[in-house]
Amino acid sequence: MHNQAVLNRIWCQTLLEELTRFGVEHVCIAPGSRSTPLTLEADANHKLTLHTHYDERGLGFLALGMAKASDKPVAIIVTSGTAVANLLPAVAEAKLTGEKLVVLTADRPVELVGCGANQAIVQQGIYSSHVCAELALPSPSEQVPLRWLLTSIDDVMHKQIREGSAVHINCAFPEPLYSDQPKSIYQAYFDTVSKWQTGNTCYSQQLQPTAHSSFDIGAWQDSKGLIVVGSVTRHQAKLAKQLAAQLGWPVLCDPQSGQGSEWAYYDAWLQTESGNALIKQTQLVLQIGSRIVSKRFNQWMAKADVEYHYVSSSLTRNNQDHLMQTHHVAEITAWLEHALSQQNRLQQSEQQDADWASSARTLSQAVQHAVASQISHDTQLSEMALVTTLVNLPENTNVFLGNSLFVRMVDMFGQVNREVYSNRGASGIDGLVATAAGTARVTNKPSVLYIGDTSLLYDLNSLALFTGHSVPCVIVVTNNDGGAIFDLLPVPVEQKQSLYQMPHGYEFAAAAQQFKLEYYLAETLQGYQSKLEQHLRNGKGCLMIEVQTPAEQASTHIKAAIKNLHASL
């Protein structure tokens, strides 16, 4: 049963309840029909005191005065159209004097804006730079999780805490606006945030830079926790591993961390029944740094009922599944060093559930054996075999991982114990050669770029940036004649080759010659390893190593290794 009016009310109930947890106690309301869901839910929330006025301009200044006197955020509810514009003078004043206003403007749904519909003006961006943050909400829908609504509200409210002044939340409500149906008709939708409903804190919490020193890690002593390490420096990853060892927790190291652990290959063993049974025991997840590559870990986190802590110096929201999260906003090294010093002061006898996930080491070993069994049958160099060589790179060598299938294979079957760089933000295939050239120039250390054939074709001109580069660098291009990653995705079989893989038939020897780079076609694992190490230790300038493999070999090897893993467990 679909009832838009009830959905509108549910969103407004969630929105206003979360605002109370940020300190909103007073709401100033002007009359209007489109704002009905907001007005009725404000009236229903016993934590809020309502104030009304028929003139929106005066209403805005009423709220401004209340915010001045209370030093707390004050909400304003108005209907759509020029009612929104009439709040601008008060919003502009708040920008200059710092009062915290939360402007809640009702709006027509997007399909009624700009097409001649009544009382439909463009409200997004109407306050321009006079607000510190703006949130344009879509029309309420079951397809948009309440968890997203909460983290989005939290995002603008945390900005207000840091910067002061007003925030603007524009709410697009489709009709009907009135209904006698109970909200219980959407109980399952409501229950997706049941833990937040029964609590009294805001959904997403931020501990600011000055707060991490007062954080008590002793509160975690009785928890079955794990640490997952994302895109950080090697030094930070080593500190995270030390903390995990002291807590007796497993540590999962993303390839971007430049570190491995005894719980390696987790993207592979999480595909097994034993791995899933083990990780389901987790009660707390501490994530150090962002951009976790593993699909399996991210899929588990999306459904996990765990206490979730995230450490990063960036204030940017990093919570793709919109989970309840405590964001420790701090310089990562300083936070970890403080946590280690706290943990050192705690008595070892107080620790419980130490090394609770020790059986995961057996899972990691099983993955290693499955991979070894797979590559032992290969006479030619394969991408699977190539993945296992990263751990043997010479010391003082930096690694840049491109965004081809290879980085997924490293996540499943490889380990990297070197400094790692990547472009795992937008995760595009463009500019990878140029970015790797930039990291090589600044670090001035031997470097290896692992890149797929399509990615290299896309950024071929950037090979010029390696011409004349004196420090030894190696570009390892895995050439499987197109987008092999699509072999692992459920794309239509009929169009897979022509519209997704897009085989090109090119080789890269001539490209290396064009840009005056040394070139080597690697056919055996021994030959590849010898040429790579010799160049990194004694060579000069850039060497391109091409590894040519059959189009679907990598995906076939991945599936076979996972099958062997299941059999061994």
# chains A, B, ... in the order shown; residues from 1 in each chain; ligands from 1
call {"tool": "residues_around", "arguments": {"residues": "A:Gln320", "least_positions_apart": "6", "cutoff": "10 Å", "atoms": "only C-alpha atoms", "output": "list in words"}}
result
Trp148, Thr151, Arg291, Asn298, Met301 and Ala302 of chain A
call {"tool": "residues_around", "arguments": {"residues": "A:Ser470", "least_positions_apart": "4", "cutoff": "10 Å", "atoms": "only C-alpha atoms", "output": "list in words"}}
result
Arg441, Asn444, Pro446, Phe466, Gly539, Lys540, Gly541 and Cys542 of chain A
call {"tool": "residues_around", "arguments": {"residues": "A:Pro89", "least_positions_apart": "4", "cutoff": "9 Å", "atoms": "only C-alpha atoms", "output": "JSON, numbers by chain"}}
result
{"A": [57, 60, 61, 85, 93, 94]}
call {"tool": "write_last_selection", "arguments": {"atoms": "N, CA and C atoms", "output": "compact mmCIF listing (two decimals), in the first residue's frame"}}
result
# COMPACT_ATOMS: atom_id res chain seq x y z
N ARG A 57 8.95 37.24 7.12
CA ARG A 57 10.11 38.10 7.38
C ARG A 57 10.27 38.32 8.88
N GLY A 60 11.42 35.10 10.69
CA GLY A 60 12.86 34.84 10.62
C GLY A 60 13.62 35.59 11.69
N PHE A 61 13.25 36.84 11.91
CA PHE A 61 13.94 37.64 12.93
C PHE A 61 13.54 37.21 14.35
N ALA A 85 11.68 33.17 0.20
CA ALA A 85 12.49 34.36 -0.06
C ALA A 85 12.41 35.37 1.07
N GLU A 93 21.63 38.08 8.13
CA GLU A 93 22.11 38.59 9.41
C GLU A 93 22.80 37.48 10.21
N ALA A 94 22.20 36.29 10.21
CA ALA A 94 22.78 35.17 10.94
C ALA A 94 24.15 34.79 10.40
call {"tool": "residues_around", "arguments": {"residues": "stretch 177-194 of chain A", "least_positions_apart": "4", "cutoff": "10 Å", "atoms": "only C-alpha atoms", "output": "VMD selection string"}}
result
chain A and resid 1 to 11 14 33 to 37 141 to 143 145 to 147 150 173 198 to 199 203 323 to 324
call {"tool": "residues_around", "arguments": {"residues": "stretch 353-368 of chain A", "least_positions_apart": "6", "cutoff": "9 Å", "atoms": "only C-alpha atoms", "output": "PDB file with N, CA, C and O atoms, in the first residue's frame"}}
result
ATOM      1  N   GLN A 221      37.274  -2.750  25.884  1.00  0.00           N
ATOM      2  CA  GLN A 221      37.998  -3.915  26.358  1.00  0.00           C
ATOM      3  C   GLN A 221      37.193  -5.212  26.286  1.00  0.00           C
ATOM      4  O   GLN A 221      37.744  -6.278  26.064  1.00  0.00           O
ATOM      5  N   ASP A 222      35.895  -5.116  26.494  1.00  0.00           N
ATOM      6  CA  ASP A 222      35.075  -6.324  26.535  1.00  0.00           C
ATOM      7  C   ASP A 222      34.418  -6.642  25.196  1.00  0.00           C
ATOM      8  O   ASP A 222      33.563  -7.526  25.129  1.00  0.00           O
ATOM      9  N   SER A 223      34.795  -5.923  24.150  1.00  0.00           N
ATOM     10  CA  SER A 223      34.149  -6.105  22.850  1.00  0.00           C
ATOM     11  C   SER A 223      34.954  -7.025  21.942  1.00  0.00           C
ATOM     12  O   SER A 223      36.190  -7.043  21.982  1.00  0.00           O
ATOM     13  N   LYS A 224      34.234  -7.772  21.131  1.00  0.00           N
ATOM     14  CA  LYS A 224      34.867  -8.501  20.042  1.00  0.00           C
ATOM     15  C   LYS A 224      34.963  -7.533  18.866  1.00  0.00           C
ATOM     16  O   LYS A 224      34.007  -7.339  18.124  1.00  0.00           O
ATOM     17  N   GLY A 225      36.111  -6.911  18.751  1.00  0.00           N
ATOM     18  CA  GLY A 225      36.268  -5.888  17.720  1.00  0.00           C
ATOM     19  C   GLY A 225      37.228  -6.306  16.637  1.00  0.00           C
ATOM     20  O   GLY A 225      37.982  -7.280  16.781  1.00  0.00           O
ATOM     21  N   LEU A 226      37.182  -5.584  15.542  1.00  0.00           N
ATOM     22  CA  LEU A 226      38.193  -5.750  14.503  1.00  0.00           C
ATOM     23  C   LEU A 226      38.562  -4.381  13.973  1.00  0.00           C
ATOM     24  O   LEU A 226      37.780  -3.432  14.030  1.00  0.00           O
ATOM     25  N   ALA A 245      47.062  -5.658  17.913  1.00  0.00           N
ATOM     26  CA  ALA A 245      47.765  -6.690  18.682  1.00  0.00           C
ATOM     27  C   ALA A 245      47.539  -6.504  20.177  1.00  0.00           C
ATOM     28  O   ALA A 245      47.338  -7.479  20.914  1.00  0.00           O
ATOM     29  N   GLN A 246      47.561  -5.260  20.648  1.00  0.00           N
ATOM     30  CA  GLN A 246      47.351  -4.992  22.070  1.00  0.00           C
ATOM     31  C   GLN A 246      45.920  -5.299  22.496  1.00  0.00           C
ATOM     32  O   GLN A 246      45.675  -5.764  23.613  1.00  0.00           O
ATOM     33  N   LEU A 247      44.968  -5.047  21.612  1.00  0.00           N
ATOM     34  CA  LEU A 247      43.561  -5.317  21.932  1.00  0.00           C
ATOM     35  C   LEU A 247      43.191  -6.787  21.761  1.00  0.00           C
ATOM     36  O   LEU A 247      42.155  -7.230  22.244  1.00  0.00           O
ATOM     37  N   GLY A 248      44.047  -7.526  21.034  1.00  0.00           N
ATOM     38  CA  GLY A 248      43.703  -8.909  20.725  1.00  0.00           C
ATOM     39  C   GLY A 248      42.652  -9.010  19.643  1.00  0.00           C
ATOM     40  O   GLY A 248      41.859  -9.948  19.607  1.00  0.00           O
ATOM     41  N   TRP A 249      42.655  -8.037  18.742  1.00  0.00           N
ATOM     42  CA  TRP A 249      41.663  -7.996  17.662  1.00  0.00           C
ATOM     43  C   TRP A 249      42.319  -8.359  16.332  1.00  0.00           C
ATOM     44  O   TRP A 249      43.505  -8.095  16.125  1.00  0.00           O
ATOM     45  N   PRO A 250      41.551  -8.923  15.398  1.00  0.00           N
ATOM     46  CA  PRO A 250      42.079  -9.095  14.045  1.00  0.00           C
ATOM     47  C   PRO A 250      42.207  -7.745  13.351  1.00  0.00           C
ATOM     48  O   PRO A 250      41.496  -6.791  13.686  1.00  0.00           O
ATOM     49  N   GLU A 262      48.112 -11.295   9.359  1.00  0.00           N
ATOM     50  CA  GLU A 262      47.816 -12.723   9.432  1.00  0.00           C
ATOM     51  C   GLU A 262      46.382 -13.023   9.007  1.00  0.00           C
ATOM     52  O   GLU A 262      46.011 -14.181   8.852  1.00  0.00           O
ATOM     53  N   TRP A 263      45.575 -11.994   8.878  1.00  0.00           N
ATOM     54  CA  TRP A 263      44.185 -12.166   8.457  1.00  0.00           C
ATOM     55  C   TRP A 263      44.026 -11.734   7.004  1.00  0.00           C
ATOM     56  O   TRP A 263      42.990 -11.223   6.600  1.00  0.00           O
ATOM     57  N   ALA A 264      45.073 -11.938   6.211  1.00  0.00           N
ATOM     58  CA  ALA A 264      45.101 -11.493   4.816  1.00  0.00           C
ATOM     59  C   ALA A 264      44.071 -12.240   3.972  1.00  0.00           C
ATOM     60  O   ALA A 264      43.490 -13.232   4.398  1.00  0.00           O
ATOM     61  N   TYR A 265      43.876 -11.730   2.751  1.00  0.00           N
ATOM     62  CA  TYR A 265      43.006 -12.343   1.739  1.00  0.00           C
ATOM     63  C   TYR A 265      41.547 -12.387   2.179  1.00  0.00           C
ATOM     64  O   TYR A 265      40.774 -13.244   1.754  1.00  0.00           O
ATOM     65  N   TYR A 266      41.135 -11.435   3.036  1.00  0.00           N
ATOM     66  CA  TYR A 266      39.788 -11.517   3.600  1.00  0.00           C
ATOM     67  C   TYR A 266      38.696 -11.354   2.549  1.00  0.00           C
ATOM     68  O   TYR A 266      37.582 -11.860   2.719  1.00  0.00           O
ATOM     69  N   ALA A 268      38.621 -12.822  -0.125  1.00  0.00           N
ATOM     70  CA  ALA A 268      38.386 -14.181  -0.613  1.00  0.00           C
ATOM     71  C   ALA A 268      37.695 -15.028   0.449  1.00  0.00           C
ATOM     72  O   ALA A 268      36.678 -15.668   0.185  1.00  0.00           O
ATOM     73  N   TRP A 269      38.242 -15.042   1.697  1.00  0.00           N
ATOM     74  CA  TRP A 269      37.634 -15.952   2.678  1.00  0.00           C
ATOM     75  C   TRP A 269      36.283 -15.482   3.184  1.00  0.00           C
ATOM     76  O   TRP A 269      35.519 -16.279   3.735  1.00  0.00           O
ATOM     77  N   SER A 274      32.544 -20.394   6.418  1.00  0.00           N
ATOM     78  CA  SER A 274      33.348 -20.272   7.639  1.00  0.00           C
ATOM     79  C   SER A 274      33.733 -18.823   7.901  1.00  0.00           C
ATOM     80  O   SER A 274      33.683 -18.349   9.042  1.00  0.00           O
ATOM     81  N   GLY A 275      34.124 -18.113   6.847  1.00  0.00           N
ATOM     82  CA  GLY A 275      34.501 -16.708   7.005  1.00  0.00           C
ATOM     83  C   GLY A 275      33.343 -15.856   7.450  1.00  0.00           C
ATOM     84  O   GLY A 275      33.485 -14.988   8.315  1.00  0.00           O
ATOM     85  N   LEU A 278      32.494 -16.441  11.122  1.00  0.00           N
ATOM     86  CA  LEU A 278      33.458 -15.811  12.016  1.00  0.00           C
ATOM     87  C   LEU A 278      33.207 -14.316  12.151  1.00  0.00           C
ATOM     88  O   LEU A 278      33.107 -13.778  13.261  1.00  0.00           O
ATOM     89  N   ILE A 279      33.070 -13.623  11.027  1.00  0.00           N
ATOM     90  CA  ILE A 279      32.964 -12.170  11.087  1.00  0.00           C
ATOM     91  C   ILE A 279      31.633 -11.715  11.693  1.00  0.00           C
ATOM     92  O   ILE A 279      31.534 -10.607  12.235  1.00  0.00           O
ATOM     93  N   GLN A 281      30.489 -12.619  14.372  1.00  0.00           N
ATOM     94  CA  GLN A 281      30.675 -12.484  15.815  1.00  0.00           C
ATOM     95  C   GLN A 281      31.144 -11.085  16.205  1.00  0.00           C
ATOM     96  O   GLN A 281      31.143 -10.724  17.375  1.00  0.00           O
ATOM     97  N   THR A 282      31.544 -10.289  15.225  1.00  0.00           N
ATOM     98  CA  THR A 282      32.089  -8.952  15.486  1.00  0.00           C
ATOM     99  C   THR A 282      31.045  -8.055  16.143  1.00  0.00           C
ATOM    100  O   THR A 282      29.894  -8.003  15.722  1.00  0.00           O
ATOM    101  N   MET A 412      41.979  -9.769  -3.013  1.00  0.00           N
ATOM    102  CA  MET A 412      41.578 -11.138  -2.678  1.00  0.00           C
ATOM    103  C   MET A 412      42.758 -12.045  -2.366  1.00  0.00           C
ATOM    104  O   MET A 412      42.705 -12.841  -1.427  1.00  0.00           O
ATOM    105  N   PHE A 413      43.845 -11.915  -3.151  1.00  0.00           N
ATOM    106  CA  PHE A 413      44.886 -12.942  -3.105  1.00  0.00           C
ATOM    107  C   PHE A 413      46.301 -12.411  -2.875  1.00  0.00           C
ATOM    108  O   PHE A 413      47.242 -13.200  -2.865  1.00  0.00           O
ATOM    109  N   GLY A 414      46.462 -11.112  -2.710  1.00  0.00           N
ATOM    110  CA  GLY A 414      47.808 -10.561  -2.598  1.00  0.00           C
ATOM    111  C   GLY A 414      48.049  -9.836  -1.293  1.00  0.00           C
ATOM    112  O   GLY A 414      47.135  -9.596  -0.505  1.00  0.00           O
ATOM    113  N   ALA A 561      39.977 -20.575  -7.906  1.00  0.00           N
ATOM    114  CA  ALA A 561      40.602 -20.450  -6.582  1.00  0.00           C
ATOM    115  C   ALA A 561      39.545 -20.434  -5.485  1.00  0.00           C
ATOM    116  O   ALA A 561      39.713 -21.061  -4.427  1.00  0.00           O
ATOM    117  N   ILE A 562      38.445 -19.716  -5.709  1.00  0.00           N
ATOM    118  CA  ILE A 562      37.373 -19.661  -4.711  1.00  0.00           C
ATOM    119  C   ILE A 562      36.716 -21.042  -4.572  1.00  0.00           C
ATOM    120  O   ILE A 562      36.377 -21.476  -3.463  1.00  0.00           O
ATOM    121  N   ASN A 564      38.243 -23.927  -5.054  1.00  0.00           N
ATOM    122  CA  ASN A 564      39.204 -24.726  -4.292  1.00  0.00           C
ATOM    123  C   ASN A 564      39.156 -24.376  -2.810  1.00  0.00           C
ATOM    124  O   ASN A 564      39.291 -25.252  -1.941  1.00  0.00           O
ATOM    125  N   LEU A 565      38.950 -23.088  -2.528  1.00  0.00           N
ATOM    126  CA  LEU A 565      38.867 -22.646  -1.145  1.00  0.00           C
ATOM    127  C   LEU A 565      37.662 -23.255  -0.444  1.00  0.00           C
ATOM    128  O   LEU A 565      37.757 -23.753   0.682  1.00  0.00           O
ATOM    129  N   SER A 568      38.354 -26.888   0.308  1.00  0.00           N
ATOM    130  CA  SER A 568      39.313 -27.131   1.391  1.00  0.00           C
ATOM    131  C   SER A 568      38.719 -26.855   2.759  1.00  0.00           C
ATOM    132  O   SER A 568      39.165 -27.414   3.765  1.00  0.00           O
ATOM    133  N   LEU A 569      37.680 -26.008   2.811  1.00  0.00           N
ATOM    134  CA  LEU A 569      37.064 -25.665   4.095  1.00  0.00           C
ATOM    135  C   LEU A 569      35.851 -26.539   4.398  1.00  0.00           C
ATOM    136  O   LEU A 569      35.227 -26.357   5.431  1.00  0.00           O
TER     137      LEU A 569
END
call {"tool": "decode", "arguments": {"residues": "stretch 454-470 of chain A", "atoms": "N, CA, C and O atoms", "output": "PDB file, in the first residue's frame"}}
result
ATOM      1  N   THR A 454      43.225  -1.265 -20.840  1.00  0.00           N
ATOM      2  CA  THR A 454      42.298  -0.196 -21.216  1.00  0.00           C
ATOM      3  C   THR A 454      42.663   1.107 -20.519  1.00  0.00           C
ATOM      4  O   THR A 454      42.612   2.189 -21.121  1.00  0.00           O
ATOM      5  N   SER A 455      43.058   1.023 -19.262  1.00  0.00           N
ATOM      6  CA  SER A 455      43.473   2.219 -18.527  1.00  0.00           C
ATOM      7  C   SER A 455      44.703   2.856 -19.159  1.00  0.00           C
ATOM      8  O   SER A 455      44.803   4.085 -19.248  1.00  0.00           O
ATOM      9  N   LEU A 456      45.649   2.031 -19.586  1.00  0.00           N
ATOM     10  CA  LEU A 456      46.859   2.566 -20.213  1.00  0.00           C
ATOM     11  C   LEU A 456      46.542   3.213 -21.556  1.00  0.00           C
ATOM     12  O   LEU A 456      47.070   4.288 -21.879  1.00  0.00           O
ATOM     13  N   LEU A 457      45.667   2.592 -22.329  1.00  0.00           N
ATOM     14  CA  LEU A 457      45.267   3.205 -23.601  1.00  0.00           C
ATOM     15  C   LEU A 457      44.646   4.569 -23.370  1.00  0.00           C
ATOM     16  O   LEU A 457      44.873   5.514 -24.133  1.00  0.00           O
ATOM     17  N   TYR A 458      43.863   4.694 -22.315  1.00  0.00           N
ATOM     18  CA  TYR A 458      43.159   5.941 -22.027  1.00  0.00           C
ATOM     19  C   TYR A 458      44.130   7.063 -21.689  1.00  0.00           C
ATOM     20  O   TYR A 458      43.878   8.227 -21.992  1.00  0.00           O
ATOM     21  N   ASP A 459      45.250   6.740 -21.057  1.00  0.00           N
ATOM     22  CA  ASP A 459      46.195   7.772 -20.589  1.00  0.00           C
ATOM     23  C   ASP A 459      47.549   7.630 -21.270  1.00  0.00           C
ATOM     24  O   ASP A 459      48.584   7.961 -20.691  1.00  0.00           O
ATOM     25  N   LEU A 460      47.544   7.164 -22.514  1.00  0.00           N
ATOM     26  CA  LEU A 460      48.787   6.830 -23.206  1.00  0.00           C
ATOM     27  C   LEU A 460      49.734   8.029 -23.325  1.00  0.00           C
ATOM     28  O   LEU A 460      50.948   7.894 -23.163  1.00  0.00           O
ATOM     29  N   ASN A 461      49.181   9.205 -23.598  1.00  0.00           N
ATOM     30  CA  ASN A 461      50.047  10.383 -23.769  1.00  0.00           C
ATOM     31  C   ASN A 461      50.840  10.717 -22.515  1.00  0.00           C
ATOM     32  O   ASN A 461      51.900  11.348 -22.587  1.00  0.00           O
ATOM     33  N   SER A 462      50.341  10.291 -21.360  1.00  0.00           N
ATOM     34  CA  SER A 462      51.039  10.603 -20.109  1.00  0.00           C
ATOM     35  C   SER A 462      52.310   9.784 -19.932  1.00  0.00           C
ATOM     36  O   SER A 462      53.084  10.052 -19.006  1.00  0.00           O
ATOM     37  N   LEU A 463      52.549   8.814 -20.809  1.00  0.00           N
ATOM     38  CA  LEU A 463      53.845   8.126 -20.783  1.00  0.00           C
ATOM     39  C   LEU A 463      54.985   9.108 -21.011  1.00  0.00           C
ATOM     40  O   LEU A 463      56.122   8.876 -20.581  1.00  0.00           O
ATOM     41  N   ALA A 464      54.673  10.210 -21.660  1.00  0.00           N
ATOM     42  CA  ALA A 464      55.691  11.248 -21.881  1.00  0.00           C
ATOM     43  C   ALA A 464      56.226  11.784 -20.566  1.00  0.00           C
ATOM     44  O   ALA A 464      57.368  12.279 -20.503  1.00  0.00           O
ATOM     45  N   LEU A 465      55.441  11.702 -19.500  1.00  0.00           N
ATOM     46  CA  LEU A 465      55.884  12.201 -18.195  1.00  0.00           C
ATOM     47  C   LEU A 465      56.978  11.334 -17.587  1.00  0.00           C
ATOM     48  O   LEU A 465      57.649  11.758 -16.644  1.00  0.00           O
ATOM     49  N   PHE A 466      57.126  10.103 -18.109  1.00  0.00           N
ATOM     50  CA  PHE A 466      58.190   9.221 -17.621  1.00  0.00           C
ATOM     51  C   PHE A 466      59.435   9.285 -18.500  1.00  0.00           C
ATOM     52  O   PHE A 466      60.465   8.720 -18.151  1.00  0.00           O
ATOM     53  N   THR A 467      59.336   9.945 -19.652  1.00  0.00           N
ATOM     54  CA  THR A 467      60.498  10.087 -20.515  1.00  0.00           C
ATOM     55  C   THR A 467      61.551  10.938 -19.811  1.00  0.00           C
ATOM     56  O   THR A 467      61.276  12.052 -19.361  1.00  0.00           O
ATOM     57  N   GLY A 468      62.737  10.418 -19.706  1.00  0.00           N
ATOM     58  CA  GLY A 468      63.809  11.175 -19.064  1.00  0.00           C
ATOM     59  C   GLY A 468      63.804  11.103 -17.555  1.00  0.00           C
ATOM     60  O   GLY A 468      64.649  11.726 -16.902  1.00  0.00           O
ATOM     61  N   HIS A 469      62.873  10.373 -16.967  1.00  0.00           N
ATOM     62  CA  HIS A 469      62.842  10.224 -15.503  1.00  0.00           C
ATOM     63  C   HIS A 469      64.007   9.323 -15.092  1.00  0.00           C
ATOM     64  O   HIS A 469      64.150   8.204 -15.574  1.00  0.00           O
ATOM     65  N   SER A 470      64.864   9.771 -14.200  1.00  0.00           N
ATOM     66  CA  SER A 470      66.096   9.044 -13.899  1.00  0.00           C
ATOM     67  C   SER A 470      65.927   7.950 -12.855  1.00  0.00           C
ATOM     68  O   SER A 470      66.562   6.897 -12.931  1.00  0.00           O
TER      69      SER A 470
END
